[in-house]
$ cat my_file17.pdb   # PDB, C-alpha atoms, pLDDT in the B column
ATOM      1  CA  MET D 105      91.594 115.029 296.804  1.00 51.00           C
ATOM      2  CA  GLY D 106      92.307 113.019 299.959  1.00 58.00           C
ATOM      3  CA  PHE D 107      89.842 111.895 302.593  1.00 60.00           C
ATOM      4  CA  ILE D 108      91.027 114.482 305.142  1.00 57.00           C
ATOM      5  CA  ALA D 109      90.748 117.295 302.578  1.00 57.00           C
ATOM      6  CA  LYS D 110      87.147 116.258 301.836  1.00 59.00           C
ATOM      7  CA  ILE D 111      86.279 116.315 305.562  1.00 60.00           C
ATOM      8  CA  LYS D 112      87.903 119.764 305.933  1.00 57.00           C
ATOM      9  CA  ASN D 113      85.899 121.066 302.947  1.00 55.00           C
ATOM     10  CA  MET D 114      82.629 119.701 304.354  1.00 56.00           C
ATOM     11  CA  LEU D 115      83.262 121.452 307.678  1.00 56.00           C
ATOM     12  CA  GLY D 116      84.496 124.639 306.027  1.00 51.00           C
ATOM     13  CA  ILE D 117      87.982 124.371 307.575  1.00 58.00           C
ATOM     14  CA  GLY D 118      90.477 126.244 305.409  1.00 58.00           C
ATOM     15  CA  GLY D 119      87.635 127.021 303.040  1.00 73.00           C
ATOM     16  CA  VAL D 120      85.992 130.254 301.987  1.00 82.00           C
ATOM     17  CA  SER D 121      86.201 133.222 304.347  1.00 85.00           C
ATOM     18  CA  VAL D 122      83.395 135.822 304.191  1.00 88.00           C
ATOM     19  CA  LYS D 123      83.996 139.423 305.285  1.00 92.00           C
ATOM     20  CA  LEU D 124      81.126 141.920 305.265  1.00 92.00           C
ATOM     21  CA  GLN D 125      81.890 145.614 304.694  1.00 91.00           C
ATOM     22  CA  ALA D 126      79.000 148.021 305.254  1.00 90.00           C
ATOM     23  CA  PRO D 127      78.378 151.329 307.047  1.00 90.00           C
ATOM     24  CA  ASN D 128      77.948 151.193 310.842  1.00 90.00           C
ATOM     25  CA  GLN D 129      74.757 153.244 310.651  1.00 89.00           C
ATOM     26  CA  VAL D 130      72.014 153.616 308.071  1.00 88.00           C
ATOM     27  CA  SER D 131      69.126 156.066 307.783  1.00 83.00           C
ATOM     28  CA  LYS D 132      65.616 154.585 307.986  1.00 82.00           C
ATOM     29  CA  SER D 133      64.495 157.009 305.291  1.00 81.00           C
ATOM     30  CA  ASP D 134      67.150 155.785 302.807  1.00 83.00           C
ATOM     31  CA  ALA D 135      65.760 152.227 303.005  1.00 85.00           C
ATOM     32  CA  LEU D 136      68.933 150.952 301.272  1.00 89.00           C
ATOM     33  CA  ILE D 137      72.190 149.441 302.507  1.00 91.00           C
ATOM     34  CA  LYS D 138      75.181 149.428 300.170  1.00 92.00           C
ATOM     35  CA  GLY D 139      78.275 147.409 300.879  1.00 92.00           C
ATOM     36  CA  VAL D 140      80.789 144.831 299.691  1.00 93.00           C
ATOM     37  CA  VAL D 141      81.278 141.172 300.562  1.00 92.00           C
ATOM     38  CA  THR D 142      84.891 140.014 300.326  1.00 91.00           C
ATOM     39  CA  LEU D 143      85.553 136.317 299.690  1.00 90.00           C
ATOM     40  CA  SER D 144      88.922 134.601 300.121  1.00 89.00           C
ATOM     41  CA  THR D 145      90.099 130.996 300.550  1.00 87.00           C
ATOM     42  CA  LYS D 146      93.056 128.782 301.408  1.00 83.00           C
ATOM     43  CA  SER D 147      92.012 126.037 298.976  1.00 81.00           C
ATOM     44  CA  GLU D 148      90.223 126.150 295.624  1.00 84.00           C
ATOM     45  CA  GLN D 149      86.475 126.485 296.220  1.00 85.00           C
ATOM     46  CA  GLU D 150      83.319 127.054 294.168  1.00 87.00           C
ATOM     47  CA  VAL D 151      80.825 129.647 295.461  1.00 88.00           C
ATOM     48  CA  LEU D 152      77.329 129.155 294.061  1.00 90.00           C
ATOM     49  CA  THR D 153      75.326 132.021 295.610  1.00 90.00           C
ATOM     50  CA  LEU D 154      75.662 134.793 298.145  1.00 92.00           C
ATOM     51  CA  LYS D 155      72.684 135.548 300.407  1.00 94.00           C
ATOM     52  CA  ILE D 156      72.535 138.889 302.218  1.00 94.00           C
ATOM     53  CA  LYS D 157      69.821 139.746 304.718  1.00 94.00           C
ATOM     54  CA  PHE D 158      69.008 142.635 307.046  1.00 93.00           C
ATOM     55  CA  ILE D 159      67.242 141.523 310.213  1.00 91.00           C
ATOM     56  CA  GLU D 160      65.749 143.074 313.329  1.00 87.00           C
ATOM     57  CA  GLU D 161      66.013 141.217 316.621  1.00 86.00           C
ATOM     58  CA  TYR D 162      62.973 142.546 318.501  1.00 81.00           C
ATOM     59  CA  SER D 163      62.858 141.777 322.258  1.00 80.00           C
ATOM     60  CA  THR D 164      60.106 142.363 324.816  1.00 77.00           C
ATOM     61  CA  GLY D 165      59.733 141.479 328.484  1.00 76.00           C
ATOM     62  CA  ARG D 166      62.131 141.031 331.365  1.00 73.00           C
ATOM     63  CA  GLY D 167      63.975 138.055 332.863  1.00 73.00           C
ATOM     64  CA  ASP D 168      62.276 134.688 332.249  1.00 79.00           C
ATOM     65  CA  ASP D 169      59.437 136.414 330.365  1.00 76.00           C
ATOM     66  CA  GLU D 170      61.783 137.903 327.750  1.00 75.00           C
ATOM     67  CA  LYS D 171      60.891 136.970 324.176  1.00 80.00           C
ATOM     68  CA  THR D 172      62.949 137.672 321.062  1.00 80.00           C
ATOM     69  CA  LYS D 173      61.609 137.616 317.534  1.00 79.00           C
ATOM     70  CA  GLU D 174      63.680 137.829 314.347  1.00 84.00           C
ATOM     71  CA  ILE D 175      62.125 139.975 311.625  1.00 84.00           C
ATOM     72  CA  LYS D 176      63.579 139.981 308.091  1.00 91.00           C
ATOM     73  CA  LEU D 177      63.610 143.545 306.799  1.00 89.00           C
ATOM     74  CA  GLY D 178      65.300 142.797 303.487  1.00 91.00           C
ATOM     75  CA  VAL D 179      66.866 139.803 301.692  1.00 93.00           C
ATOM     76  CA  ILE D 180      68.749 139.440 298.415  1.00 94.00           C
ATOM     77  CA  SER D 181      70.362 136.440 296.772  1.00 93.00           C
ATOM     78  CA  ILE D 182      73.221 137.027 294.342  1.00 90.00           C
ATOM     79  CA  PRO D 183      74.071 134.162 291.969  1.00 92.00           C
ATOM     80  CA  CYS D 184      77.867 133.891 291.832  1.00 85.00           C
ATOM     81  CA  ASN D 185      78.906 130.610 290.204  1.00 86.00           C
ATOM     82  CA  LEU D 186      82.569 131.510 290.639  1.00 87.00           C
ATOM     83  CA  THR D 187      85.702 129.603 291.546  1.00 87.00           C
ATOM     84  CA  ILE D 188      88.124 131.134 294.038  1.00 86.00           C
ATOM     85  CA  LYS D 189      91.736 129.997 294.042  1.00 88.00           C
ATOM     86  CA  PRO D 190      94.080 130.133 297.074  1.00 87.00           C
ATOM     87  CA  GLY D 191      95.316 133.661 297.764  1.00 83.00           C
ATOM     88  CA  GLU D 192      92.702 135.166 295.448  1.00 88.00           C
ATOM     89  CA  ILE D 193      90.248 137.768 296.790  1.00 89.00           C
ATOM     90  CA  LYS D 194      86.835 138.402 295.217  1.00 89.00           C
ATOM     91  CA  GLU D 195      84.818 141.499 296.100  1.00 91.00           C
ATOM     92  CA  ILE D 196      81.080 141.446 295.427  1.00 91.00           C
ATOM     93  CA  PRO D 197      79.234 144.782 295.792  1.00 93.00           C
ATOM     94  CA  PHE D 198      75.581 144.781 296.827  1.00 93.00           C
ATOM     95  CA  SER D 199      72.605 147.100 297.358  1.00 92.00           C
ATOM     96  CA  LEU D 200      70.014 145.772 299.764  1.00 91.00           C
ATOM     97  CA  PRO D 201      66.621 147.530 299.929  1.00 91.00           C
ATOM     98  CA  PHE D 202      64.791 147.165 303.240  1.00 90.00           C
ATOM     99  CA  GLU D 203      61.563 148.166 304.946  1.00 84.00           C
ATOM    100  CA  VAL D 204      61.391 148.875 308.695  1.00 79.00           C
ATOM    101  CA  SER D 205      58.299 147.813 310.614  1.00 71.00           C
ATOM    102  CA  ASN D 206      57.169 149.736 313.714  1.00 65.00           C
ATOM    103  CA  SER D 207      55.658 148.327 316.883  1.00 56.00           C
ATOM    104  CA  ASN D 208      52.371 149.753 318.178  1.00 53.00           C
ATOM    105  CA  ALA D 209      54.305 151.790 320.764  1.00 52.00           C
ATOM    106  CA  ASP D 210      56.549 153.225 318.006  1.00 57.00           C
ATOM    107  CA  ASP D 211      53.455 154.273 316.045  1.00 53.00           C
ATOM    108  CA  LEU D 212      52.109 156.111 319.113  1.00 49.00           C
ATOM    109  CA  ILE D 213      55.479 157.807 319.726  1.00 52.00           C
ATOM    110  CA  ALA D 214      55.472 159.060 316.114  1.00 61.00           C
ATOM    111  CA  LYS D 215      52.110 160.789 316.706  1.00 63.00           C
ATOM    112  CA  GLY D 216      53.675 162.962 319.402  1.00 63.00           C
ATOM    113  CA  GLY D 217      51.921 164.858 322.180  1.00 62.00           C
ATOM    114  CA  GLY D 218      49.903 162.861 324.723  1.00 63.00           C
ATOM    115  CA  MET D 219      49.777 159.816 322.450  1.00 58.00           C
ATOM    116  CA  GLY D 220      53.568 159.960 322.100  1.00 59.00           C
ATOM    117  CA  ALA D 221      54.002 160.016 325.879  1.00 62.00           C
ATOM    118  CA  LEU D 222      51.635 157.049 326.179  1.00 55.00           C
ATOM    119  CA  GLY D 223      53.702 155.187 323.530  1.00 56.00           C
ATOM    120  CA  LYS D 224      56.940 155.904 325.428  1.00 59.00           C
ATOM    121  CA  MET D 225      55.415 154.550 328.646  1.00 59.00           C
ATOM    122  CA  ALA D 226      54.180 151.418 326.858  1.00 56.00           C
ATOM    123  CA  LYS D 227      57.597 150.839 325.310  1.00 57.00           C
ATOM    124  CA  PHE D 228      59.278 151.219 328.705  1.00 54.00           C
ATOM    125  CA  ALA D 229      56.729 148.975 330.478  1.00 58.00           C
ATOM    126  CA  ASN D 230      57.148 146.192 327.885  1.00 61.00           C
ATOM    127  CA  LYS D 231      60.930 146.732 327.780  1.00 64.00           C
ATOM    128  CA  GLU D 232      60.858 146.808 323.978  1.00 70.00           C
ATOM    129  CA  LYS D 233      64.277 146.732 322.347  1.00 77.00           C
ATOM    130  CA  SER D 234      65.383 146.336 318.732  1.00 81.00           C
ATOM    131  CA  GLU D 235      68.827 145.478 317.410  1.00 87.00           C
ATOM    132  CA  TYR D 236      69.617 145.399 313.693  1.00 91.00           C
ATOM    133  CA  PHE D 237      72.059 143.072 311.943  1.00 93.00           C
ATOM    134  CA  LEU D 238      73.350 142.572 308.415  1.00 93.00           C
ATOM    135  CA  GLU D 239      74.302 138.984 307.538  1.00 94.00           C
ATOM    136  CA  ALA D 240      76.108 137.562 304.521  1.00 93.00           C
ATOM    137  CA  GLU D 241      76.275 133.830 303.810  1.00 92.00           C
ATOM    138  CA  ALA D 242      78.108 132.173 300.922  1.00 89.00           C
ATOM    139  CA  ASP D 243      76.738 128.903 299.536  1.00 89.00           C
ATOM    140  CA  VAL D 244      79.931 126.903 298.938  1.00 86.00           C
ATOM    141  CA  LYS D 245      79.512 123.791 296.801  1.00 84.00           C
ATOM    142  CA  SER D 246      81.719 121.445 298.863  1.00 75.00           C
ATOM    143  CA  ALA D 247      80.851 122.765 302.352  1.00 74.00           C
ATOM    144  CA  SER D 248      78.062 121.441 304.585  1.00 73.00           C
ATOM    145  CA  LEU D 249      78.468 124.425 306.916  1.00 80.00           C
ATOM    146  CA  ASP D 250      78.338 127.558 304.775  1.00 84.00           C
ATOM    147  CA  PRO D 251      80.622 130.426 305.861  1.00 87.00           C
ATOM    148  CA  SER D 252      79.014 133.681 306.947  1.00 85.00           C
ATOM    149  CA  ASP D 253      79.639 137.051 308.565  1.00 90.00           C
ATOM    150  CA  LYS D 254      77.343 139.209 310.714  1.00 92.00           C
ATOM    151  CA  LYS D 255      77.560 142.913 311.486  1.00 92.00           C
ATOM    152  CA  GLU D 256      75.487 145.092 313.797  1.00 91.00           C
ATOM    153  CA  ILE D 257      73.967 148.153 312.111  1.00 89.00           C
ATOM    154  CA  LYS D 258      72.526 151.183 313.878  1.00 87.00           C
ATOM    155  CA  LEU D 259      69.360 152.687 312.349  1.00 82.00           C
ATOM    156  CA  ILE D 260      69.073 156.458 312.619  1.00 82.00           C
TER     157      ILE D 260
END

$ encode --input "my_file17.pdb" --output "structure tokens"
Amino acid sequence: MGFIAKIKNMLGIGGVSVKLQAPNQVSKSDALIKGVVTLSTKSEQEVLTLKIKFIEEYSTGRGDDEKTKEIKLGVISIPCNLTIKPGEIKEIPFSLPFEVSNSNADDLIAKGGGMGALGKMAKFANKEKSEYFLEAEADVKSASLDPSDKKEIKLI
């Protein structure tokens, strides 16, 4: 392998491509996301593991006071130890269990009645917002920058 090919592999150029296939929305009560990660490449590569995580990006505040926190709701690591050749496509199915955490305002809203109204006001006043994402990252033996894919998921 030439010097330029080694540099390309380290940077992930022409290397493994990761494509995440999962539903656009998931029920909180199911607490499980099923999907498939598709791997392809333009040059022969060795994939060691596949890490899939479901995260919540929880934001509060407005303007300069806005704060965002990333909360991991579920993580799995799938050992692959497979070699992908150019033009070859590998599909790896997964089932990712997750657990959703509620803010204090969400807990009040769930109680309903006067407490629920108080929770809604608190959520509005703090400008609480949650976005949910599914991420897949392949650990490629020769790459310093591992390829990944990210998809927004709506919780219902």

$ resolve_selection --input "my_file17.pdb" --expression "the PyMOL selection byres ((chain D and resi 121) around 7)" --output "list of chain:residue names"
D:Gly119, D:Val120, D:Val122, D:Lys123, D:Leu143, D:Ser144, D:Thr145, D:Pro251

$ closest_residue --input "my_file17.pdb" --among "D:Glu192, D:Phe158, D:Leu124, D:Glu170" --to "Lys146 of chain D" --atoms "all atoms listed in the file"
D:Glu192

$ residues_near_point --input "my_file17.pdb" --point "(81.6, 132.9, 291.0)" --cutoff "9 Å" --atoms "only C-alpha atoms" --output "list in words"
Glu150, Val151, Leu152, Thr153, Pro183, Cys184, Asn185, Leu186, Thr187, Ile188 and Lys194 of chain D

$ write_last_selection --input "my_file17.pdb" --atoms "C-alpha atoms" --output "compact mmCIF listing (two decimals), in the frame of the given file"
# COMPACT_ATOMS: atom_id res chain seq x y z
CA GLU D 150 83.32 127.05 294.17
CA VAL D 151 80.82 129.65 295.46
CA LEU D 152 77.33 129.16 294.06
CA THR D 153 75.33 132.02 295.61
CA PRO D 183 74.07 134.16 291.97
CA CYS D 184 77.87 133.89 291.83
CA ASN D 185 78.91 130.61 290.20
CA LEU D 186 82.57 131.51 290.64
CA THR D 187 85.70 129.60 291.55
CA ILE D 188 88.12 131.13 294.04
CA LYS D 194 86.84 138.40 295.22

$ residues_around --input "my_file17.pdb" --residues "Pro197 of chain D" --least-positions-apart "3" --cutoff "12 Å" --atoms "only C-alpha atoms" --output "list in words"
Lys123, Leu124, Gln125, Ala126, Ile137, Lys138, Gly139, Val140, Val141, Thr142, Leu143, Leu154, Ile156, Ile182, Cys184, Lys194, Leu200 and Ala240 of chain D

$ resolve_selection --input "my_file17.pdb" --expression "the PyMOL selection byres ((chain D and resi 258) around 10)" --output "VMD selection string"
chain D and resid 127 to 132 234 to 237 255 to 257 259 to 260

$ resolve_selection --input "my_file17.pdb" --expression "the PyMOL selection byres ((chain D and resi 202) around 6)" --output "ChimeraX atom specification"
/D:135-136,177-178,201,203

$ residues_around --input "my_file17.pdb" --residues "segment 160-165 of chain D" --least-positions-apart "6" --cutoff "6 Å" --atoms "all atoms listed in the file" --output "ChimeraX atom specification"
/D:171-175,230-236

$ atom_distance --input "my_file17.pdb" --atom1 "atom CA of Val204 of chain D" --atom2 "atom CA of Asp253 of chain D"
21.7 Å

$ closest_residue --input "my_file17.pdb" --among "D:Ile159, D:Leu238, D:Val179, D:Ile193" --to "Ser205 of chain D" --atoms "only C-alpha atoms"
D:Ile159

$ closest_residue --input "my_file17.pdb" --among "D:Lys157, D:Leu249, D:Gly167, D:Glu241" --to "Ile180 of chain D" --atoms "all atoms listed in the file"
D:Lys157

$ atom_distance --input "my_file17.pdb" --atom1 "atom CA of Lys155 of chain D" --atom2 "atom CA of Glu239 of chain D"
8.1 Å

$ atom_distance --input "my_file17.pdb" --atom1 "atom CA of Lys189 of chain D" --atom2 "atom CA of Lys254 of chain D"
23.9 Å

$ axis_aligned_box --input "my_file17.pdb" --around "segment 185-202 of chain D" --padding-each-side "8 Å" --output "AutoDock Vina command-line options"
--center_x 80.1 --center_y 138.6 --center_z 296.7 --size_x 46.5 --size_y 33.9 --size_z 29.0
